[in-house]
Amino acid sequence: MPSDVLSALPRRALLLGGLACAGSAAFLRGTTALAATTLLNVSYDPTRELYHGINAAFSENEKNSSGSSVTVRTSNGGSGAQARAVLEGAPADIVSLGLARDIDMLAQKGLVATDWQKRLPHNSTPFTSTIVFLVRKGNPKAIHDWADLVKDNVKVVTPNPKTSGGARWNYLAAWGWALHQTGGTEAAARAYIQALFQHVPVLDAGARGATNSFVQRDLGDVLIAWENEALLAAHELGPDRFDIVVPSLSVLAEPPVALVDHNARTHGTTAIAQHYLEFLYSSRAQDIAATHYFRPTDSAVARLHAGQFPKVKTFDIASLGGWAAVQKKHFAAGGIFDQIYTQHG
Amino acid sequence: MAEATLSLRNRTRDPLPGFRLALFSTLLWIGLIVALPLAALVLRPWQEGLSAMTTALHDGRMFAALRVSFLTAFLAALINVPVGLLLTWTLVRVRLPGRRIVDALIDLPFAIPTAVTGITLATLYGPQGWLGKPLAHLGISIAYSTAGIVVALMFVGLPFIVRSVEPVLRGLPPEQEEAAGLLGASSWQTVWRVVLPSLLPATVSGFGLAFARGIGEYGSVIFIAGNQPFRTEIAPLLVVVRLQEFDYAGATSIAFILLVASMLCLASVAMLRRRVARGLISGVN
């Protein structure tokens with residue numbers, strides 16, 4: 001009788017059913033194997049490869065020092081989207097996001113301690129980056145500084161600061177440069193930003209999308225990018241296709257990390273998660289960061305890798321009043337970014 | 001006669017084994033999968049009071065985005081109607097070699113991840129793409145303009161037209177067309193007077209589905225639209241923008257307006273379809 005039933009079913013249905021069973025079995029096995037100690041690091045997009053390396057090193061380190069088996073999983077996505085996922089219940093023990101503002105949102109809802117940025121060295125930022133330009137080989141449009149981006153016939157590629165945390169650093173680097181020019185006033189900076197975005201033909205939703213537009217689709221003359229993305233593109237995608245241009249002044253991009261207190265308490269992982277965060281400052285992790293083109297904060301490791309990072313003069317977000325003020329002034333609904341589009345829209 | 005008794009006997013039995021159970025699970029499932037999320041969507045904007053909604057309603061940028069979304073979705077669905085009809089007719093009536101492959105290709109837009117579609121189209125129509133480069137020489141740019149959005153929505157919407165019309169055309173006996181020919185109708189007259197009117201109701205629903213899908217489409221569009229506020233920014237992107245601002249009320253307000261507008265569209269398409277179908281029957285009689 002059962003064989004009758006089986007033969008009556010279409011073969012495709014059997015195949016699909018079998019696949020579904022196999023899939024769920026693999027999923028279940030996956031979760032039981034992770035039962036020892038598992039940490040979830042909810043991170044932003046361009047750190048996929050970086051944390052892959054660091055997590056492996058951390059697991060190995062734990063095995064050697066205390067014999068315990070710890071697995072760290074990382075989830076990647078846009079910084080704001082990841083913050084929202086944690087806000088809505090993603091079981092993150094740790095967050096490592098593109099900008100402090102996104103972790104502030106978690107602190108506001110009580111998931112993270114409000115003094116989170118003071119609990120780890122360097123504003124809870126284990127490694128930093130900065131904003132640079134990626135141009136076509138030989139720099140045909142002669143782009144050397146921010147002022148060159150608003151020359152005639154220059155097309156600039158940068159993602160939308162509304163949807164991309166990374167793009168906010170780009171925007172603020174430009175704003176800060178304009179503000180620091182001789183006679184630089186807020187009005188002048190606003191005029192510069194408005195002119196700059198008139199040279200942006202496409203606002204990609206995320207940083208990787210903008211890199212793709214520039215690198216794969218040959219769109220635009222200059223890509224404003226995080227240094228680690230620019231170095232990655234220049235070294236791995238086409239050393240003969242791109243040059244990196246370092247502007248006279250840029251922003252110190254600080255992607256911070258934090259313990260998600262509320263979740264870690266529930267999971268009983270507070271101690272090990274804290275240990276993981278401290279591991280990010282170890283010379284081992286700092287070295288891995290440098291190989292992924294993030295700037296180490298450990299000065300000894302930084303010296304070892306000094307050759308690959310050009311010298312850049314930077315200002316930090318605190319000098320613009322901190323993220324809360326910056327967010328409200330520039331990126332909130334009706335803020336300066338909205339205004340520059342409304343005026344000529 | 002035999003058929004009549006058979007159907008009578010069937011009617012006395014439950015249409016499904018365990019009718020109550022089937023009905024219960026259907027209602028539960030529809031409730032969980034469709035009605036509950038929709039209810040949450042409808043209720044969310046009002047949670048922060050009326051002000052969130054009224055602020056949203058005064059947003060010029062939102063209206064610009066809605067205009068872009070509705071206009072491009074309408075255009076794409078409209079262009080897809082003649083193309084889709086022709087394609088369907090060829091598929092059903094002409095014994096082409098490789099017909100099965102074409103048939104399978106038509107369903108592909110249903111299956112491909114929309115972001116993959118968007119990235120592929122953007123590469124194709126981009127300044128260095130196979131189509132984008134020659135078009136740029138002619139002074140036409142598709143990618144990063146409203147034309148790009150229309151192209152993406154045409155790709156996504158085509159199967160809706162074909163799959164709506166196809167079963168009706170298959171059910172239409174070719175003898176009708178042959179009879180029209182024998183009665184002296186030219187091939188144009190046959191198409192215009194015999195084939196198209198019978199396909200009209202199905203075409204209207206196909207158009208409606210493609211249009212509604214186009215209004216809400218996100219993944220395939222954002223890669224090929226320039227995403228410039230007031231010009232090439234679609235309403236679903238503005239929803240994402242609002243979410244990124246942690247402005248849940250603003251995001252759900254736009255979503256709510258999209259929902260209401262789409263439902264109105266679908267309702268008017270259904271009404272139009274019924275009217276067309278009724279006109280058809282009375283016309284035949």
# chains A, B, ... in the order shown; residues from 1 in each chain; ligands from 1
call {"tool": "residues_around", "arguments": {"residues": "range 259-261 of chain A", "least_positions_apart": "2", "cutoff": "7 Å", "atoms": "only C-alpha atoms", "output": "PyMOL selection string"}}
result
chain A and resi 92-95+111-113+263-265+273-274
call {"tool": "write_last_selection", "arguments": {"atoms": "N, CA and C atoms", "output": "compact mmCIF listing (two decimals), in the first residue's frame"}}
result
# COMPACT_ATOMS: atom_id res chain seq x y z
N ALA A 92 21.84 39.00 19.12
CA ALA A 92 23.25 39.37 19.05
C ALA A 92 23.84 39.46 20.45
N ASP A 93 25.03 38.86 20.64
CA ASP A 93 25.76 39.07 21.88
C ASP A 93 26.65 40.29 21.75
N ILE A 94 27.08 40.52 20.51
CA ILE A 94 28.00 41.63 20.22
C ILE A 94 27.50 42.32 18.97
N VAL A 95 27.65 43.63 18.92
CA VAL A 95 27.42 44.32 17.65
C VAL A 95 28.71 45.02 17.25
N LEU A 111 19.09 47.98 25.32
CA LEU A 111 19.75 46.71 25.01
C LEU A 111 21.24 46.78 25.32
N VAL A 112 21.79 47.98 25.25
CA VAL A 112 23.21 48.20 25.47
C VAL A 112 23.32 49.28 26.55
N ALA A 113 24.35 49.18 27.41
CA ALA A 113 24.53 50.20 28.44
C ALA A 113 24.78 51.56 27.81
N ASN A 263 21.03 40.92 25.79
CA ASN A 263 21.03 39.59 25.19
C ASN A 263 22.06 38.66 25.82
N ALA A 264 23.26 39.20 26.06
CA ALA A 264 24.33 38.37 26.61
C ALA A 264 23.93 37.84 27.99
N ARG A 265 23.24 38.70 28.78
CA ARG A 265 22.75 38.25 30.09
C ARG A 265 21.79 37.08 29.91
N ALA A 273 31.67 37.04 25.85
CA ALA A 273 31.50 38.11 24.86
C ALA A 273 32.42 39.28 25.16
N GLN A 274 32.53 39.59 26.44
CA GLN A 274 33.44 40.66 26.86
C GLN A 274 34.89 40.28 26.48
call {"tool": "interface_residues", "arguments": {"of": "chain B", "to": "chain A", "cutoff": "8 Å", "atoms": "only C-alpha atoms", "output": "PyMOL selection string"}}
result
chain B and resi 61+123+126-129+144+222-223+225-231+240-241+244-246
call {"tool": "select_by_dssp", "arguments": {"residues": "range 20-250 of chain B", "states": "alpha helix (DSSP H)", "output": "JSON, numbers by chain"}}
result
{"B": [20, 21, 22, 23, 24, 25, 26, 27, 28, 29, 30, 36, 37, 38, 39, 40, 41, 42, 43, 49, 50, 51, 52, 53, 54, 55, 56, 57, 60, 61, 62, 63, 64, 65, 66, 67, 68, 69, 70, 71, 72, 73, 74, 75, 76, 77, 78, 79, 80, 81, 82, 83, 84, 85, 86, 87, 88, 89, 90, 91, 92, 93, 99, 100, 101, 102, 103, 104, 105, 106, 107, 108, 109, 110, 111, 114, 115, 116, 117, 118, 119, 120, 121, 122, 123, 124, 125, 132, 133, 134, 135, 136, 137, 146, 147, 148, 149, 150, 151, 152, 153, 154, 155, 156, 157, 158, 159, 160, 161, 162, 163, 164, 165, 166, 167, 168, 169, 170, 171, 174, 175, 176, 177, 178, 179, 180, 181, 182, 187, 188, 189, 196, 197, 198, 199, 200, 201, 202, 203, 204, 205, 206, 207, 208, 209, 210, 211, 212, 213, 214, 215, 216, 219, 220, 221, 222, 235, 236, 237, 238, 239, 240, 241, 242, 243, 244, 248, 249, 250]}
call {"tool": "closest_residue", "arguments": {"among": "B:Glu177, B:Asp103, B:Met53, B:Leu43", "to": "Gln189 in chain B", "atoms": "only C-alpha atoms"}}
result
B:Glu177
call {"tool": "atom_distance", "arguments": {"atom1": "CA of Tyr44 in chain A", "atom2": "CA of Gly77 in chain A"}}
result
5.0 Å
call {"tool": "residues_around", "arguments": {"residues": "range 130-134 of chain A", "least_positions_apart": "2", "cutoff": "8 Å", "atoms": "only C-alpha atoms", "output": "list in words"}}
result
Thr128, Arg136, Trp169, Asn170, Ala173, Val222, Leu223, Ile224, Ala225, Trp226, Glu227, Ala230, Ala234, Phe242, Asp243, Ile244, Val245, Val246, Pro247, Ser250, Val251, Leu252, Ala253 and Thr314 of chain A
call {"tool": "write_last_selection", "arguments": {"atoms": "C-alpha atoms", "output": "PDB file, in the first residue's frame"}}
result
ATOM      1  CA  THR A 128      39.658  52.592  12.242  1.00  0.00           C
ATOM      2  CA  ARG A 136      40.702  55.472 -12.849  1.00  0.00           C
ATOM      3  CA  TRP A 169      31.176  59.121   6.644  1.00  0.00           C
ATOM      4  CA  ASN A 170      31.763  60.145   3.002  1.00  0.00           C
ATOM      5  CA  ALA A 173      34.425  63.948   5.314  1.00  0.00           C
ATOM      6  CA  VAL A 222      35.817  58.998  -8.763  1.00  0.00           C
ATOM      7  CA  LEU A 223      34.490  56.765  -6.014  1.00  0.00           C
ATOM      8  CA  ILE A 224      34.363  58.179  -2.502  1.00  0.00           C
ATOM      9  CA  ALA A 225      35.034  55.164  -0.338  1.00  0.00           C
ATOM     10  CA  TRP A 226      36.257  53.786   2.924  1.00  0.00           C
ATOM     11  CA  GLU A 227      39.973  53.240   2.690  1.00  0.00           C
ATOM     12  CA  ALA A 230      39.350  51.322  -1.857  1.00  0.00           C
ATOM     13  CA  ALA A 234      42.736  48.618  -5.984  1.00  0.00           C
ATOM     14  CA  PHE A 242      42.648  52.151 -10.317  1.00  0.00           C
ATOM     15  CA  ASP A 243      44.660  54.644  -8.321  1.00  0.00           C
ATOM     16  CA  ILE A 244      44.003  55.757  -4.782  1.00  0.00           C
ATOM     17  CA  VAL A 245      43.993  59.486  -4.129  1.00  0.00           C
ATOM     18  CA  VAL A 246      44.303  60.751  -0.566  1.00  0.00           C
ATOM     19  CA  PRO A 247      42.642  64.119   0.033  1.00  0.00           C
ATOM     20  CA  SER A 250      39.497  63.466   5.705  1.00  0.00           C
ATOM     21  CA  VAL A 251      37.458  62.018   8.525  1.00  0.00           C
ATOM     22  CA  LEU A 252      38.603  59.411  11.032  1.00  0.00           C
ATOM     23  CA  ALA A 253      36.029  56.671  10.443  1.00  0.00           C
ATOM     24  CA  THR A 314      41.961  63.509   9.818  1.00  0.00           C
TER      25      THR A 314
END
call {"tool": "residues_around", "arguments": {"residues": "Leu105 in chain B", "least_positions_apart": "2", "cutoff": "12 Å", "atoms": "only C-alpha atoms", "output": "VMD selection string"}}
result
chain B and resid 87 91 98 to 103 107 to 112 155 158 to 159 162
call {"tool": "write_last_selection", "arguments": {"atoms": "N, CA, C and O atoms", "output": "PDB file, in the first residue's frame"}}
result
ATOM      1  N   LEU B  87       3.348  37.399 -27.687  1.00  0.00           N
ATOM      2  CA  LEU B  87       4.166  36.290 -27.196  1.00  0.00           C
ATOM      3  C   LEU B  87       3.285  35.090 -26.866  1.00  0.00           C
ATOM      4  O   LEU B  87       3.582  33.950 -27.248  1.00  0.00           O
ATOM      5  N   LEU B  91       3.198  31.416 -28.605  1.00  0.00           N
ATOM      6  CA  LEU B  91       3.439  30.217 -27.796  1.00  0.00           C
ATOM      7  C   LEU B  91       2.343  29.177 -27.985  1.00  0.00           C
ATOM      8  O   LEU B  91       2.604  27.986 -28.081  1.00  0.00           O
ATOM      9  N   GLY B  98      11.795  24.794 -30.128  1.00  0.00           N
ATOM     10  CA  GLY B  98      12.284  25.468 -28.923  1.00  0.00           C
ATOM     11  C   GLY B  98      11.193  26.187 -28.165  1.00  0.00           C
ATOM     12  O   GLY B  98      11.470  27.044 -27.327  1.00  0.00           O
ATOM     13  N   ARG B  99       9.928  25.823 -28.447  1.00  0.00           N
ATOM     14  CA  ARG B  99       8.818  26.509 -27.810  1.00  0.00           C
ATOM     15  C   ARG B  99       8.832  26.289 -26.287  1.00  0.00           C
ATOM     16  O   ARG B  99       8.528  27.183 -25.506  1.00  0.00           O
ATOM     17  N   ARG B 100       9.207  25.067 -25.893  1.00  0.00           N
ATOM     18  CA  ARG B 100       9.226  24.759 -24.468  1.00  0.00           C
ATOM     19  C   ARG B 100      10.253  25.602 -23.719  1.00  0.00           C
ATOM     20  O   ARG B 100      10.065  25.980 -22.565  1.00  0.00           O
ATOM     21  N   ILE B 101      11.360  25.883 -24.409  1.00  0.00           N
ATOM     22  CA  ILE B 101      12.400  26.696 -23.766  1.00  0.00           C
ATOM     23  C   ILE B 101      11.871  28.106 -23.540  1.00  0.00           C
ATOM     24  O   ILE B 101      12.022  28.675 -22.456  1.00  0.00           O
ATOM     25  N   VAL B 102      11.230  28.653 -24.573  1.00  0.00           N
ATOM     26  CA  VAL B 102      10.654  29.995 -24.428  1.00  0.00           C
ATOM     27  C   VAL B 102       9.629  29.992 -23.298  1.00  0.00           C
ATOM     28  O   VAL B 102       9.590  30.897 -22.460  1.00  0.00           O
ATOM     29  N   ASP B 103       8.832  28.931 -23.266  1.00  0.00           N
ATOM     30  CA  ASP B 103       7.809  28.804 -22.248  1.00  0.00           C
ATOM     31  C   ASP B 103       8.424  28.842 -20.848  1.00  0.00           C
ATOM     32  O   ASP B 103       7.926  29.510 -19.949  1.00  0.00           O
ATOM     33  N   ASP B 107       8.716  32.165 -17.248  1.00  0.00           N
ATOM     34  CA  ASP B 107       8.509  32.093 -15.801  1.00  0.00           C
ATOM     35  C   ASP B 107       9.732  32.522 -15.008  1.00  0.00           C
ATOM     36  O   ASP B 107       9.650  32.704 -13.801  1.00  0.00           O
ATOM     37  N   LEU B 108      10.851  32.647 -15.676  1.00  0.00           N
ATOM     38  CA  LEU B 108      12.097  32.936 -14.974  1.00  0.00           C
ATOM     39  C   LEU B 108      12.034  34.191 -14.093  1.00  0.00           C
ATOM     40  O   LEU B 108      12.522  34.170 -12.961  1.00  0.00           O
ATOM     41  N   PRO B 109      11.426  35.302 -14.589  1.00  0.00           N
ATOM     42  CA  PRO B 109      11.361  36.485 -13.718  1.00  0.00           C
ATOM     43  C   PRO B 109      10.679  36.215 -12.378  1.00  0.00           C
ATOM     44  O   PRO B 109      10.954  36.897 -11.397  1.00  0.00           O
ATOM     45  N   PHE B 110       9.787  35.205 -12.314  1.00  0.00           N
ATOM     46  CA  PHE B 110       9.187  34.846 -11.029  1.00  0.00           C
ATOM     47  C   PHE B 110      10.231  34.283 -10.071  1.00  0.00           C
ATOM     48  O   PHE B 110      10.133  34.441  -8.866  1.00  0.00           O
ATOM     49  N   ALA B 111      11.202  33.555 -10.652  1.00  0.00           N
ATOM     50  CA  ALA B 111      12.097  32.765  -9.817  1.00  0.00           C
ATOM     51  C   ALA B 111      13.397  33.480  -9.445  1.00  0.00           C
ATOM     52  O   ALA B 111      13.896  33.298  -8.346  1.00  0.00           O
ATOM     53  N   ILE B 112      13.932  34.308 -10.353  1.00  0.00           N
ATOM     54  CA  ILE B 112      15.233  34.928 -10.061  1.00  0.00           C
ATOM     55  C   ILE B 112      15.088  35.902  -8.900  1.00  0.00           C
ATOM     56  O   ILE B 112      14.114  36.644  -8.842  1.00  0.00           O
ATOM     57  N   PHE B 155      10.426  43.696 -17.251  1.00  0.00           N
ATOM     58  CA  PHE B 155      10.997  42.361 -17.039  1.00  0.00           C
ATOM     59  C   PHE B 155      10.197  41.608 -15.972  1.00  0.00           C
ATOM     60  O   PHE B 155       9.815  40.458 -16.154  1.00  0.00           O
ATOM     61  N   LEU B 158       6.187  40.959 -17.172  1.00  0.00           N
ATOM     62  CA  LEU B 158       5.785  40.212 -18.373  1.00  0.00           C
ATOM     63  C   LEU B 158       5.081  38.887 -18.077  1.00  0.00           C
ATOM     64  O   LEU B 158       4.035  38.594 -18.660  1.00  0.00           O
ATOM     65  N   PRO B 159       5.626  38.056 -17.161  1.00  0.00           N
ATOM     66  CA  PRO B 159       4.964  36.766 -16.939  1.00  0.00           C
ATOM     67  C   PRO B 159       3.516  36.902 -16.456  1.00  0.00           C
ATOM     68  O   PRO B 159       2.704  36.020 -16.732  1.00  0.00           O
ATOM     69  N   VAL B 162       1.404  37.110 -19.665  1.00  0.00           N
ATOM     70  CA  VAL B 162       1.413  35.865 -20.439  1.00  0.00           C
ATOM     71  C   VAL B 162       0.632  34.781 -19.706  1.00  0.00           C
ATOM     72  O   VAL B 162      -0.218  34.118 -20.279  1.00  0.00           O
TER      73      VAL B 162
END
call {"tool": "atom_distance", "arguments": {"atom1": "CA of Asn55 in chain A", "atom2": "CA of Leu277 in chain A"}}
result
11.0 Å
call {"tool": "atom_distance", "arguments": {"atom1": "CA of Ser75 in chain A", "atom2": "CA of Val42 in chain A"}}
result
4.9 Å
call {"tool": "residues_around", "arguments": {"residues": "Ala290 in chain A", "least_positions_apart": "6", "cutoff": "9 Å", "atoms": "only C-alpha atoms", "output": "PDB file with all heavy atoms, in the first residue's frame"}}
result
ATOM      1  N   PHE A 127      39.607  49.130  15.476  1.00  0.00           N
ATOM      2  CA  PHE A 127      40.383  49.521  14.301  1.00  0.00           C
ATOM      3  C   PHE A 127      39.600  50.588  13.547  1.00  0.00           C
ATOM      4  O   PHE A 127      38.377  50.618  13.595  1.00  0.00           O
ATOM      5  CB  PHE A 127      40.692  48.345  13.365  1.00  0.00           C
ATOM      6  CG  PHE A 127      39.899  47.114  13.643  1.00  0.00           C
ATOM      7  CD1 PHE A 127      38.593  46.995  13.188  1.00  0.00           C
ATOM      8  CD2 PHE A 127      40.436  46.088  14.408  1.00  0.00           C
ATOM      9  CE1 PHE A 127      37.845  45.865  13.470  1.00  0.00           C
ATOM     10  CE2 PHE A 127      39.686  44.958  14.697  1.00  0.00           C
ATOM     11  CZ  PHE A 127      38.394  44.837  14.231  1.00  0.00           C
ATOM     12  N   PRO A 296      45.058  49.493  12.295  1.00  0.00           N
ATOM     13  CA  PRO A 296      45.115  49.026  13.682  1.00  0.00           C
ATOM     14  C   PRO A 296      45.234  50.213  14.638  1.00  0.00           C
ATOM     15  O   PRO A 296      45.849  51.223  14.311  1.00  0.00           O
ATOM     16  CB  PRO A 296      46.399  48.189  13.725  1.00  0.00           C
ATOM     17  CG  PRO A 296      46.848  48.032  12.311  1.00  0.00           C
ATOM     18  CD  PRO A 296      46.262  49.159  11.527  1.00  0.00           C
ATOM     19  N   VAL A 301      51.500  47.230  16.108  1.00  0.00           N
ATOM     20  CA  VAL A 301      51.007  46.555  14.895  1.00  0.00           C
ATOM     21  C   VAL A 301      50.895  47.567  13.756  1.00  0.00           C
ATOM     22  O   VAL A 301      51.205  47.262  12.599  1.00  0.00           O
ATOM     23  CB  VAL A 301      49.649  45.874  15.166  1.00  0.00           C
ATOM     24  CG1 VAL A 301      49.135  45.182  13.915  1.00  0.00           C
ATOM     25  CG2 VAL A 301      49.765  44.881  16.309  1.00  0.00           C
ATOM     26  N   ALA A 302      50.445  48.773  14.080  1.00  0.00           N
ATOM     27  CA  ALA A 302      50.299  49.812  13.054  1.00  0.00           C
ATOM     28  C   ALA A 302      51.643  50.088  12.386  1.00  0.00           C
ATOM     29  O   ALA A 302      51.711  50.253  11.172  1.00  0.00           O
ATOM     30  CB  ALA A 302      49.738  51.083  13.676  1.00  0.00           C
ATOM     31  N   HIS A 305      52.594  47.604   9.736  1.00  0.00           N
ATOM     32  CA  HIS A 305      51.839  47.667   8.482  1.00  0.00           C
ATOM     33  C   HIS A 305      51.826  49.078   7.885  1.00  0.00           C
ATOM     34  O   HIS A 305      51.049  49.347   6.980  1.00  0.00           O
ATOM     35  CB  HIS A 305      50.395  47.207   8.704  1.00  0.00           C
ATOM     36  CG  HIS A 305      50.293  45.755   9.053  1.00  0.00           C
ATOM     37  ND1 HIS A 305      50.190  44.777   8.101  1.00  0.00           N
ATOM     38  CD2 HIS A 305      50.300  45.121  10.253  1.00  0.00           C
ATOM     39  CE1 HIS A 305      50.130  43.588   8.702  1.00  0.00           C
ATOM     40  NE2 HIS A 305      50.194  43.765  10.009  1.00  0.00           N
ATOM     41  N   GLN A 308      51.406  50.068   4.040  1.00  0.00           N
ATOM     42  CA  GLN A 308      50.230  49.946   3.181  1.00  0.00           C
ATOM     43  C   GLN A 308      49.222  51.067   3.392  1.00  0.00           C
ATOM     44  O   GLN A 308      48.271  51.182   2.623  1.00  0.00           O
ATOM     45  CB  GLN A 308      49.569  48.582   3.375  1.00  0.00           C
ATOM     46  CG  GLN A 308      48.811  48.424   4.675  1.00  0.00           C
ATOM     47  CD  GLN A 308      48.202  47.032   4.806  1.00  0.00           C
ATOM     48  OE1 GLN A 308      48.885  46.034   4.632  1.00  0.00           O
ATOM     49  NE2 GLN A 308      46.925  46.973   5.113  1.00  0.00           N
TER      50      GLN A 308
END
call {"tool": "residues_around", "arguments": {"residues": "Gly84 in chain B", "least_positions_apart": "5", "cutoff": "10 Å", "atoms": "only C-alpha atoms", "output": "ChimeraX atom specification"}}
result
/B:77-79,89-90,106,157-166,203,206-207
